[in-house]
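Containing compact mmCIF, C-alpha atoms: protein06.txt.
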# COMPACT_ATOMS: atom_id res chain seq x y z
CA MET A 222 28.30 -44.34 -63.02
CA LEU A 223 29.36 -45.54 -59.61
CA ARG A 224 30.90 -42.15 -58.91
CA LEU A 225 27.67 -40.42 -59.93
CA CYS A 226 25.59 -42.65 -57.66
CA ALA A 227 27.92 -41.99 -54.76
CA ARG A 228 27.65 -38.27 -55.36
CA SER A 229 23.85 -38.52 -55.52
CA LEU A 230 23.82 -40.51 -52.29
CA LEU A 231 25.90 -37.86 -50.56
CA VAL A 232 23.56 -35.16 -51.80
CA VAL A 233 20.55 -37.09 -50.61
CA PHE A 234 22.27 -37.80 -47.30
CA GLY A 235 23.07 -34.12 -47.00
CA LEU A 236 19.44 -33.23 -47.56
CA VAL A 237 18.36 -35.70 -44.93
CA VAL A 238 20.74 -34.19 -42.39
CA GLN A 239 19.62 -30.66 -43.23
CA THR A 240 15.97 -31.62 -43.05
CA GLY A 241 16.51 -33.37 -39.73
CA THR A 242 18.15 -30.25 -38.28
CA SER A 243 15.31 -28.08 -39.48
CA LEU A 244 12.74 -30.35 -37.88
CA ALA A 245 14.66 -30.27 -34.60
CA ASP A 246 14.68 -26.45 -34.65
CA ASP A 247 10.96 -26.37 -35.30
CA GLU A 248 10.31 -28.87 -32.54
CA ASP A 249 12.46 -26.82 -30.14
CA LYS A 250 10.44 -23.72 -30.93
CA ILE A 251 7.19 -25.57 -30.33
CA HIS A 252 8.35 -27.01 -27.00
CA SER A 253 9.70 -23.66 -25.76
CA LYS A 254 6.55 -21.73 -26.63
CA VAL A 255 5.16 -19.53 -23.84
CA ARG A 256 1.73 -17.92 -24.05
CA ILE A 257 0.86 -15.06 -21.69
CA ASP A 258 -2.76 -13.97 -21.40
CA LEU A 259 -4.71 -11.50 -19.30
CA VAL A 260 -7.86 -13.23 -18.06
CA LYS A 261 -10.80 -12.00 -16.03
CA ARG A 262 -12.38 -14.00 -13.24
CA GLY A 263 -15.39 -12.25 -11.80
CA ALA A 264 -14.36 -8.64 -11.24
CA GLN A 265 -10.63 -9.44 -10.95
CA TYR A 266 -8.00 -9.76 -13.66
CA GLN A 267 -5.31 -12.45 -13.55
CA VAL A 268 -2.20 -13.27 -15.57
CA LYS A 269 -2.19 -16.76 -17.08
CA VAL A 270 0.95 -18.34 -18.50
CA VAL A 271 0.73 -21.53 -20.58
CA VAL A 272 4.00 -23.35 -21.31
CA SER A 273 4.84 -26.31 -23.54
CA ASP A 274 8.50 -26.90 -22.75
CA PRO A 275 9.07 -29.73 -20.22
CA ALA A 276 11.90 -27.68 -18.73
CA ASP A 277 9.45 -24.83 -17.99
CA VAL A 278 6.99 -27.30 -16.49
CA GLU A 279 9.75 -28.60 -14.23
CA LEU A 280 10.65 -25.07 -13.10
CA ALA A 281 7.02 -24.42 -12.23
CA ARG A 282 6.91 -27.67 -10.28
CA ARG A 283 9.98 -26.61 -8.30
CA CYS A 284 8.30 -23.32 -7.46
CA GLU A 285 5.16 -25.12 -6.36
CA GLN A 286 7.27 -27.38 -4.12
CA ARG A 287 9.00 -24.28 -2.70
CA GLU A 288 12.36 -25.35 -4.04
CA MET A 289 12.51 -22.05 -5.90
CA ARG A 290 10.77 -18.69 -5.43
CA TRP A 291 7.91 -18.06 -7.84
CA ARG A 292 9.08 -14.51 -8.50
CA LYS A 293 12.30 -15.85 -10.01
CA LEU A 294 10.21 -17.58 -12.67
CA LEU A 295 7.18 -15.32 -13.09
CA ALA A 296 7.02 -11.69 -11.97
CA VAL A 297 4.66 -8.83 -12.77
CA TYR A 298 5.72 -5.18 -12.61
CA VAL A 299 3.78 -1.91 -12.74
CA VAL A 300 4.59 0.39 -15.65
CA ASN A 301 4.31 4.02 -14.51
CA SER A 302 3.19 7.05 -16.49
CA GLN A 303 6.75 7.54 -17.84
CA ARG A 304 6.59 3.98 -19.23
CA LYS A 305 9.22 2.87 -16.75
CA VAL A 306 8.95 -0.47 -15.02
CA GLN A 307 8.96 -0.46 -11.20
CA ARG A 308 11.78 -2.40 -9.59
CA VAL A 309 9.51 -4.08 -7.04
CA SER A 310 7.24 -6.77 -8.44
CA VAL A 311 3.53 -6.94 -7.71
CA LEU A 312 2.62 -9.16 -4.74
CA GLY A 313 0.21 -11.99 -5.32
CA ARG A 314 -0.39 -15.72 -5.25
CA TYR A 315 0.50 -18.40 -7.79
CA ALA A 316 -1.41 -21.52 -8.79
CA ARG A 317 -0.14 -24.26 -11.12
CA SER A 318 -2.17 -26.84 -13.03
CA ASP A 319 -0.18 -29.09 -15.38
CA ARG A 320 1.26 -26.63 -17.94
CA GLU A 321 -0.67 -23.56 -16.77
CA ILE A 322 0.39 -21.01 -14.15
CA VAL A 323 -2.07 -18.37 -12.93
CA PHE A 324 -0.96 -15.25 -11.05
CA THR A 325 -3.58 -13.44 -8.95
CA PRO A 326 -2.47 -10.06 -7.51
CA ARG A 327 -2.90 -9.46 -3.80
CA PHE A 328 -4.52 -6.13 -4.66
CA SER A 329 -6.55 -6.04 -7.85
CA PHE A 330 -4.88 -4.79 -11.00
CA ARG A 331 -5.92 -1.19 -11.56
CA PRO A 332 -8.09 -0.28 -14.57
CA GLY A 333 -6.14 1.70 -17.16
CA LEU A 334 -2.73 0.68 -15.76
CA SER A 335 -0.13 -1.23 -17.77
CA TYR A 336 1.87 -4.13 -16.34
CA GLU A 337 4.92 -5.95 -17.68
CA VAL A 338 4.99 -9.72 -17.24
CA HIS A 339 8.44 -11.31 -16.97
CA TRP A 340 8.78 -15.05 -17.62
CA GLN A 341 12.29 -16.34 -16.80
CA GLY A 342 11.99 -19.91 -18.01
CA ARG A 343 14.04 -21.72 -20.64
CA ARG A 344 13.51 -18.71 -22.86
CA ALA A 345 12.93 -15.31 -21.25
CA VAL A 346 9.71 -13.59 -22.33
CA ARG A 347 8.54 -10.09 -21.50
CA GLN A 348 5.04 -9.03 -22.40
CA LEU A 349 3.08 -5.85 -21.72
CA VAL A 350 -0.56 -6.16 -20.64
CA LYS A 351 -2.99 -3.33 -20.02
CA ILE A 352 -6.05 -3.44 -17.80
CA PRO A 353 -9.08 -1.99 -19.63
CA PRO A 354 -10.24 1.36 -18.22
CA VAL A 355 -13.58 1.77 -16.49
CA LYS A 356 -15.90 4.61 -17.46
CA THR A 357 -16.32 6.55 -14.22
CA PRO A 358 -15.92 10.25 -13.28
CA PRO A 359 -12.33 11.42 -12.61
CA ALA A 360 -11.02 10.75 -9.13
CA GLU A 361 -11.08 13.40 -6.42
CA LEU A 362 -8.90 13.93 -3.37
CA VAL A 363 -11.67 13.84 -0.79
CA SER A 364 -9.67 14.03 2.45
CA LEU A 365 -6.23 14.86 3.80
CA TYR A 366 -5.16 13.87 7.30
CA PRO A 367 -4.18 15.50 9.59
CA SER A 368 -7.13 17.68 8.65
CA GLY A 369 -6.20 20.69 10.80
CA ASP A 370 -4.14 23.72 9.75
CA ARG A 371 -1.72 23.45 12.70
CA VAL A 372 0.72 20.54 12.84
CA PRO A 373 3.63 19.76 15.17
CA GLU A 374 7.17 20.25 13.95
CA ASN A 375 7.71 16.48 14.22
CA LEU A 376 4.67 15.45 12.16
CA LEU A 377 5.27 11.84 11.08
CA ARG A 378 2.73 10.94 8.39
CA LEU A 379 -0.03 12.01 6.04
CA TYR A 380 -3.03 10.16 4.68
CA LEU A 381 -4.42 11.04 1.26
CA GLN A 382 -7.93 9.69 0.66
CA PHE A 383 -9.17 9.54 -2.94
CA SER A 384 -12.64 8.82 -4.28
CA GLN A 385 -11.39 5.91 -6.42
CA PRO A 386 -8.19 3.95 -7.15
CA MET A 387 -5.16 5.92 -8.32
CA THR A 388 -2.13 5.11 -10.45
CA GLN A 389 0.75 3.77 -8.39
CA GLY A 390 4.50 3.97 -8.75
CA ASP A 391 5.11 7.70 -9.18
CA SER A 392 3.04 9.23 -6.37
CA TYR A 393 5.86 11.29 -4.86
CA ARG A 394 6.16 13.32 -8.05
CA HIS A 395 2.75 14.83 -7.35
CA ILE A 396 3.23 15.74 -3.66
CA GLU A 397 5.26 18.81 -2.76
CA LEU A 398 5.96 20.76 0.43
CA LEU A 399 6.74 24.45 0.03
CA ASP A 400 8.17 26.94 2.53
CA ALA A 401 6.76 30.44 3.10
CA ALA A 402 8.67 31.76 0.08
CA GLY A 403 7.18 29.10 -2.18
CA THR A 404 10.42 27.12 -2.45
CA ALA A 405 10.12 23.34 -2.44
CA ILE A 406 11.55 21.58 0.62
CA ASP A 407 14.20 19.11 -0.53
CA LEU A 408 13.30 15.44 0.03
CA PRO A 409 10.83 15.82 2.91
CA PHE A 410 9.24 12.39 2.46
CA LEU A 411 10.50 8.85 2.89
CA GLU A 412 10.09 7.60 -0.68
CA VAL A 413 9.66 3.85 -0.35
CA GLY A 414 9.64 1.60 -3.42
CA GLU A 415 6.48 -0.25 -2.40
CA GLU A 416 4.13 2.71 -1.95
CA LEU A 417 1.90 2.48 1.10
CA TRP A 418 -1.55 2.09 -0.46
CA ASP A 419 -4.48 0.47 1.30
CA PRO A 420 -6.03 -2.65 -0.33
CA THR A 421 -8.58 -0.54 -2.25
CA GLY A 422 -5.88 1.63 -3.82
CA THR A 423 -7.71 4.76 -2.66
CA ARG A 424 -5.74 5.78 0.45
CA LEU A 425 -2.02 6.52 0.43
CA THR A 426 0.12 6.83 3.55
CA VAL A 427 3.01 9.28 3.14
CA LEU A 428 5.78 9.25 5.73
CA PHE A 429 8.00 12.21 6.51
CA ASP A 430 11.68 11.22 6.61
CA PRO A 431 12.22 9.98 10.21
CA GLY A 432 15.93 10.75 9.86
CA ARG A 433 15.08 14.45 9.74
CA ILE A 434 12.54 14.22 12.57
CA LYS A 435 14.52 12.46 15.29
CA ARG A 436 17.10 14.63 16.97
CA GLY A 437 20.74 13.59 16.78
CA LEU A 438 20.47 11.70 13.51
CA LYS A 439 22.80 12.52 10.62
CA PRO A 440 20.12 13.47 8.01
CA ARG A 441 18.68 16.06 10.42
CA GLU A 442 22.12 17.47 11.19
CA GLU A 443 23.05 17.73 7.50
CA LEU A 444 19.73 18.81 5.93
CA GLY A 445 17.94 20.27 8.94
CA PRO A 446 14.40 19.54 10.14
CA ILE A 447 11.57 19.40 7.62
CA LEU A 448 9.18 21.59 9.60
CA GLU A 449 10.17 24.28 12.10
CA ASP A 450 8.09 25.74 14.90
CA GLY A 451 6.49 29.08 13.98
CA LYS A 452 6.95 28.77 10.22
CA VAL A 453 4.28 28.48 7.55
CA TYR A 454 4.24 25.77 4.88
CA THR A 455 2.07 24.75 1.95
CA LEU A 456 1.40 21.17 0.96
CA THR A 457 0.42 20.82 -2.71
CA ILE A 458 -1.15 17.88 -4.53
CA SER A 459 -0.86 18.14 -8.30
CA GLN A 460 -3.92 17.89 -10.50
CA ARG A 461 -1.72 15.99 -12.99
CA TRP A 462 -1.85 12.95 -10.73
CA ARG A 463 -3.80 10.36 -12.70
CA ASP A 464 -6.35 7.90 -11.43
CA ALA A 465 -6.30 4.20 -12.30
CA ASN A 466 -8.22 4.98 -15.49
CA GLY A 467 -5.46 7.32 -16.66
CA ARG A 468 -7.35 10.59 -16.12
CA PRO A 469 -6.01 13.55 -14.09
CA LEU A 470 -7.58 14.46 -10.76
CA LYS A 471 -10.69 16.58 -10.90
CA GLN A 472 -8.67 19.26 -9.10
CA GLY A 473 -5.46 19.61 -7.13
CA LEU A 474 -5.07 20.77 -3.53
CA ARG A 475 -3.16 23.39 -1.56
CA ARG A 476 -3.15 23.09 2.24
CA LEU A 477 -1.61 25.83 4.38
CA TRP A 478 0.05 24.65 7.58
CA GLN A 479 1.31 26.47 10.66
CA ALA A 480 4.08 24.45 12.31
CA THR A 481 3.97 24.31 16.11
CA ALA A 482 6.40 23.08 18.76
CA PRO A 483 7.38 19.40 18.53
CA ASP A 484 5.14 17.01 20.43
CA HIS A 485 6.90 14.30 22.43
CA ARG A 486 4.06 13.44 24.81
CA GLN A 487 2.42 10.03 24.69
CA PRO A 488 -1.36 9.81 24.34
CA ALA A 489 -2.80 9.29 27.83
CA PRO A 490 -6.17 7.45 27.80
CA GLU A 491 -6.80 8.41 31.42
CA LYS A 492 -7.11 12.01 30.23
CA TRP A 493 -9.65 11.26 27.52
CA GLN A 494 -13.26 12.28 27.94
CA VAL A 495 -15.78 9.45 27.58
CA ASN A 496 -19.44 10.20 26.87
CA GLY A 497 -21.74 7.20 27.20
CA PRO A 498 -25.10 7.02 25.37
CA GLN A 499 -28.44 6.07 26.87
CA ALA A 500 -29.62 2.46 26.90
CA GLY A 501 -32.31 1.66 24.35
CA THR A 502 -30.84 4.04 21.74
CA ARG A 503 -28.29 3.90 18.94
CA SER A 504 -26.72 7.21 19.96
CA PRO A 505 -22.93 7.27 19.55
CA LEU A 506 -20.45 6.42 22.26
CA ILE A 507 -17.96 9.27 22.16
CA LEU A 508 -14.27 9.66 22.99
CA ARG A 509 -12.65 13.12 23.01
CA PHE A 510 -8.88 13.65 22.95
CA PRO A 511 -6.84 16.68 24.05
CA ALA A 512 -4.83 16.55 20.80
CA PRO A 513 -5.29 14.94 17.36
CA LEU A 514 -4.55 11.23 17.07
CA ASP A 515 -3.68 9.11 14.03
CA TYR A 516 -6.77 8.98 11.80
CA ALA A 517 -6.25 5.54 10.26
CA MET A 518 -5.38 3.87 13.56
CA LEU A 519 -8.44 5.34 15.28
CA GLU A 520 -10.57 3.50 12.73
CA ARG A 521 -9.22 0.08 13.72
CA VAL A 522 -7.52 -0.12 17.14
CA VAL A 523 -10.39 0.77 19.49
CA ALA A 524 -12.95 -1.97 20.21
CA VAL A 525 -16.16 -1.87 22.23
CA VAL A 526 -16.86 -4.91 24.43
CA SER A 527 -20.31 -5.67 25.85
CA PRO A 528 -21.02 -6.52 29.51
CA GLN A 529 -21.16 -10.18 28.36
CA GLY A 530 -17.62 -9.94 26.98
CA ARG A 531 -18.57 -9.91 23.28
CA ALA A 532 -17.37 -7.42 20.67
CA VAL A 533 -20.04 -4.87 19.78
CA VAL A 534 -20.55 -4.43 16.03
CA GLY A 535 -20.92 -0.87 14.78
CA GLU A 536 -19.57 2.00 12.72
CA VAL A 537 -16.62 4.24 13.65
CA LYS A 538 -16.47 7.90 12.69
CA VAL A 539 -13.52 10.22 13.36
CA ASP A 540 -13.99 13.99 13.08
CA GLN A 541 -13.27 17.40 14.65
CA GLN A 542 -9.72 17.31 13.31
CA GLU A 543 -9.12 13.84 14.71
CA THR A 544 -9.91 14.83 18.30
CA ARG A 545 -13.26 12.99 18.44
CA TRP A 546 -14.04 9.28 18.00
CA ARG A 547 -17.64 8.13 17.68
CA PHE A 548 -19.01 4.60 17.70
CA ILE A 549 -22.54 3.92 16.44
CA PRO A 550 -23.77 0.35 17.20
CA GLN A 551 -25.80 -1.76 14.81
CA GLN A 552 -28.14 -2.75 17.65
CA LEU A 553 -29.65 -0.74 20.50
CA TRP A 554 -27.44 -0.20 23.53
CA GLN A 555 -28.28 -2.39 26.52
CA ALA A 556 -27.78 -1.23 30.09
CA GLY A 557 -24.52 -2.33 31.73
CA ARG A 558 -20.79 -1.79 32.01
CA TYR A 559 -19.05 -1.68 28.64
CA ARG A 560 -15.30 -1.72 28.04
CA LEU A 561 -13.35 0.24 25.48
CA LEU A 562 -10.38 -1.91 24.55
CA ILE A 563 -7.59 0.30 23.15
CA ASP A 564 -4.48 -1.11 21.50
CA SER A 565 -1.40 0.44 23.09
CA THR A 566 0.12 0.97 19.63
CA LEU A 567 -2.36 3.82 19.00
CA GLU A 568 -0.35 6.90 17.98
CA ASP A 569 -0.76 10.63 17.73
CA VAL A 570 0.19 12.53 14.55
CA ALA A 571 3.84 12.69 15.66
CA GLY A 572 4.17 8.92 16.04
CA ASN A 573 4.06 8.86 19.85
CA SER A 574 2.08 5.81 20.93
CA ILE A 575 0.40 4.90 24.20
CA LYS A 576 3.17 2.33 24.53
CA ARG A 577 6.18 4.58 23.96
CA PRO A 578 7.20 8.03 22.64
CA PHE A 579 8.50 8.25 19.06
CA GLU A 580 11.79 9.67 20.30
CA VAL A 581 12.80 7.38 23.14
CA ASP A 582 15.30 9.15 25.37
CA VAL A 583 17.66 6.42 26.62
CA PHE A 584 18.56 8.53 29.64
CA ARG A 585 15.06 8.57 31.10
CA ARG A 586 13.02 5.73 32.51
CA ILE A 587 10.24 4.44 30.28
CA GLU A 588 6.94 4.19 32.15
CA LYS A 589 5.71 0.73 33.11
CA ARG A 590 2.70 1.01 30.84
CA GLU A 591 5.06 0.60 27.86
CA LYS A 592 4.73 -3.17 28.28
CA VAL A 593 0.93 -3.10 28.29
CA GLU A 594 -0.62 -4.39 25.07
CA THR A 595 -4.10 -2.93 25.61
CA VAL A 596 -5.68 -0.25 27.76
CA ASP A 597 -9.23 -0.51 29.11
CA LEU A 598 -11.70 2.30 29.67
CA VAL A 599 -15.00 1.47 31.34
CA VAL A 600 -18.25 3.22 30.51
CA GLU A 601 -21.56 2.68 32.26
CA ILE A 602 -24.62 2.76 30.02
CA LYS A 603 -27.93 3.31 31.82
For the structure just supplied, provide its representation as structure tokens.
Amino acid sequence: MLRLCARSLLVVFGLVVQTGTSLADDEDKIHSKVRIDLVKRGAQYQVKVVVSDPADVELARRCEQREMRWRKLLAVYVVNSQRKVQRVSVLGRYARSDREIVFTPRFSFRPGLSYEVHWQGRRAVRQLVKIPPVKTPPAELVSLYPSGDRVPENLLRLYLQFSQPMTQGDSYRHIELLDAAGTAIDLPFLEVGEELWDPTGTRLTVLFDPGRIKRGLKPREELGPILEDGKVYTLTISQRWRDANGRPLKQGLRRLWQATAPDHRQPAPEKWQVNGPQAGTRSPLILRFPAPLDYAMLERVVAVVSPQGRAVVGEVKVDQQETRWRFIPQQLWQAGRYRLLIDSTLEDVAGNSIKRPFEVDVFRRIEKREKVETVDLVVEIK
């Protein structure tokens, strides 16, 4: 009888131990739970992570106190059209409140795109989220800069302007440069991991490989220049390129180019033609250049200053193959001496700036104006 009771006690004790272990496992699962949600605030989507494990809360606190980088704990990656995750995480800001962490992207998540959220807390969690598509017409490629059909052999960059946000992460697959025989030029562009999109996701900057532009560099010696004076090339943009809603472009593009001699001259503001409007009108103030300048920079590095020293508010328009800059004021022009304040970083299409040429020859003296931060042009409005 005593033996039987002892055996029963051991069985009961065994059950207690087993039950205690099971409860501990369940409790561990509860405390390590991570919930990842896609939330919408106004017109912008955010990623919200709710944690229950004290260890995860402590990690978030360390990130908030800058003892650890947020991206080591919570990172968001774009998933491209091949369902591959980009290596570079999406930039954004983090906010913590008790057990909740909210990630807001620097540039809004794109409708129709998928993102993979990586949580590297006590237990690693990876979750795919997709931004709902928006019902709008398919995107169009509305502009390509330089807009002319003649470009210098040392052309540095392109701008592709779309009508609405595009998918990001595989852009270079859809851009191709062909020679006169229709053969694709091998690796003409500098394919950077963080593609150079503007904040709206509608304009992409594409750089030609500088190593094949600058003379004396190894890539140019081994692969040769990308463009050569006198030869004809075709730039193609594939219609298969999808917008942020996952739809292909309305149509692709083929642009024929005639390559000309390399341009190593710096833009010289003293050679620009300035046409001042009449006082009492809103006619444009016009600058004309001997050769095309960088389209995107022209939109932001030239300011108009009033006779009273205040910035004049107005609209900038660049046209005539980037050889004309027009400024239309919001208010009527007043009589007086106005200043055009030009940032010396302004470049031409070959990357030569007012400050310095793209290819600096170490054996020649750089002009004194290289140290000047801005250049002034004066225009009298009567």
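Once Arg347 of chain A and its same-chain neighbours fewer than 2 positions away are set aside, Glu337, Val338, His339, Trp340, Ala345 and Leu349 of chain A remain within 8 Å of it when counting only C-alpha atoms.
Atom to atom, atom CA of Asp484 of chain A and atom CA of Asn375 of chain A stand 6.7 Å apart.
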Could you give me, as JSON lines, a per-residue list for segment 252-342 of chain A showing, wherever an atom lies at most 12 Å from an atom of segment 379-393 of chain A, the closest pair of atoms and their distance in Å to one decimal, using only C-alpha atoms and sorting by chain then residue number from low to high?
{"residue": "A:Tyr298", "atom": "CA", "partner": "A:Gly390", "partner_atom": "CA", "distance": 10.0}
{"residue": "A:Val299", "atom": "CA", "partner": "A:Gly390", "partner_atom": "CA", "distance": 7.1}
{"residue": "A:Val300", "atom": "CA", "partner": "A:Gly390", "partner_atom": "CA", "distance": 7.8}
{"residue": "A:Asn301", "atom": "CA", "partner": "A:Gly390", "partner_atom": "CA", "distance": 5.8}
{"residue": "A:Ser302", "atom": "CA", "partner": "A:Asp391", "partner_atom": "CA", "distance": 7.6}
{"residue": "A:Gln303", "atom": "CA", "partner": "A:Asp391", "partner_atom": "CA", "distance": 8.8}
{"residue": "A:Arg304", "atom": "CA", "partner": "A:Gly390", "partner_atom": "CA", "distance": 10.7}
{"residue": "A:Lys305", "atom": "CA", "partner": "A:Gly390", "partner_atom": "CA", "distance": 9.4}
{"residue": "A:Val306", "atom": "CA", "partner": "A:Gly390", "partner_atom": "CA", "distance": 8.9}
{"residue": "A:Gln307", "atom": "CA", "partner": "A:Gly390", "partner_atom": "CA", "distance": 6.7}
{"residue": "A:Arg308", "atom": "CA", "partner": "A:Gly390", "partner_atom": "CA", "distance": 9.7}
{"residue": "A:Val309", "atom": "CA", "partner": "A:Gly390", "partner_atom": "CA", "distance": 9.6}
{"residue": "A:Ser310", "atom": "CA", "partner": "A:Gly390", "partner_atom": "CA", "distance": 11.1}
{"residue": "A:Val311", "atom": "CA", "partner": "A:Gly390", "partner_atom": "CA", "distance": 11.0}
{"residue": "A:Phe328", "atom": "CA", "partner": "A:Pro386", "partner_atom": "CA", "distance": 11.0}
{"residue": "A:Ser329", "atom": "CA", "partner": "A:Pro386", "partner_atom": "CA", "distance": 10.1}
{"residue": "A:Phe330", "atom": "CA", "partner": "A:Pro386", "partner_atom": "CA", "distance": 10.1}
{"residue": "A:Arg331", "atom": "CA", "partner": "A:Pro386", "partner_atom": "CA", "distance": 7.1}
{"residue": "A:Pro332", "atom": "CA", "partner": "A:Pro386", "partner_atom": "CA", "distance": 8.5}
{"residue": "A:Gly333", "atom": "CA", "partner": "A:Thr388", "partner_atom": "CA", "distance": 8.5}
{"residue": "A:Leu334", "atom": "CA", "partner": "A:Thr388", "partner_atom": "CA", "distance": 6.9}
{"residue": "A:Ser335", "atom": "CA", "partner": "A:Thr388", "partner_atom": "CA", "distance": 9.9}
{"residue": "A:Tyr336", "atom": "CA", "partner": "A:Gln389", "partner_atom": "CA", "distance": 11.3}
Using all atoms listed in the file, can you tell me which of A:Pro326, A:Gly497, A:Pro275, A:Pro490 comes closest to Ala296 of chain A?
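Ranked by minimum distance to Ala296 of chain A, first place goes to A:Pro326.
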Have a look at atom CA of Asp277 of chain A and atom CA of Leu259 of chain A and let me know their distance in Å, one decimal.
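Separation of atom CA of Asp277 of chain A and atom CA of Leu259 of chain A: 19.5 Å.
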What are the centre and edge lengths in Å, to one decimal, of the axis-aligned box around all listed atoms of segment 411-419 of chain A with 3 Å added on each side, as AutoDock Vina command-line options?
--center_x 3.0 --center_y 4.3 --center_z -0.3 --size_x 21.0 --size_y 15.1 --size_z 12.3
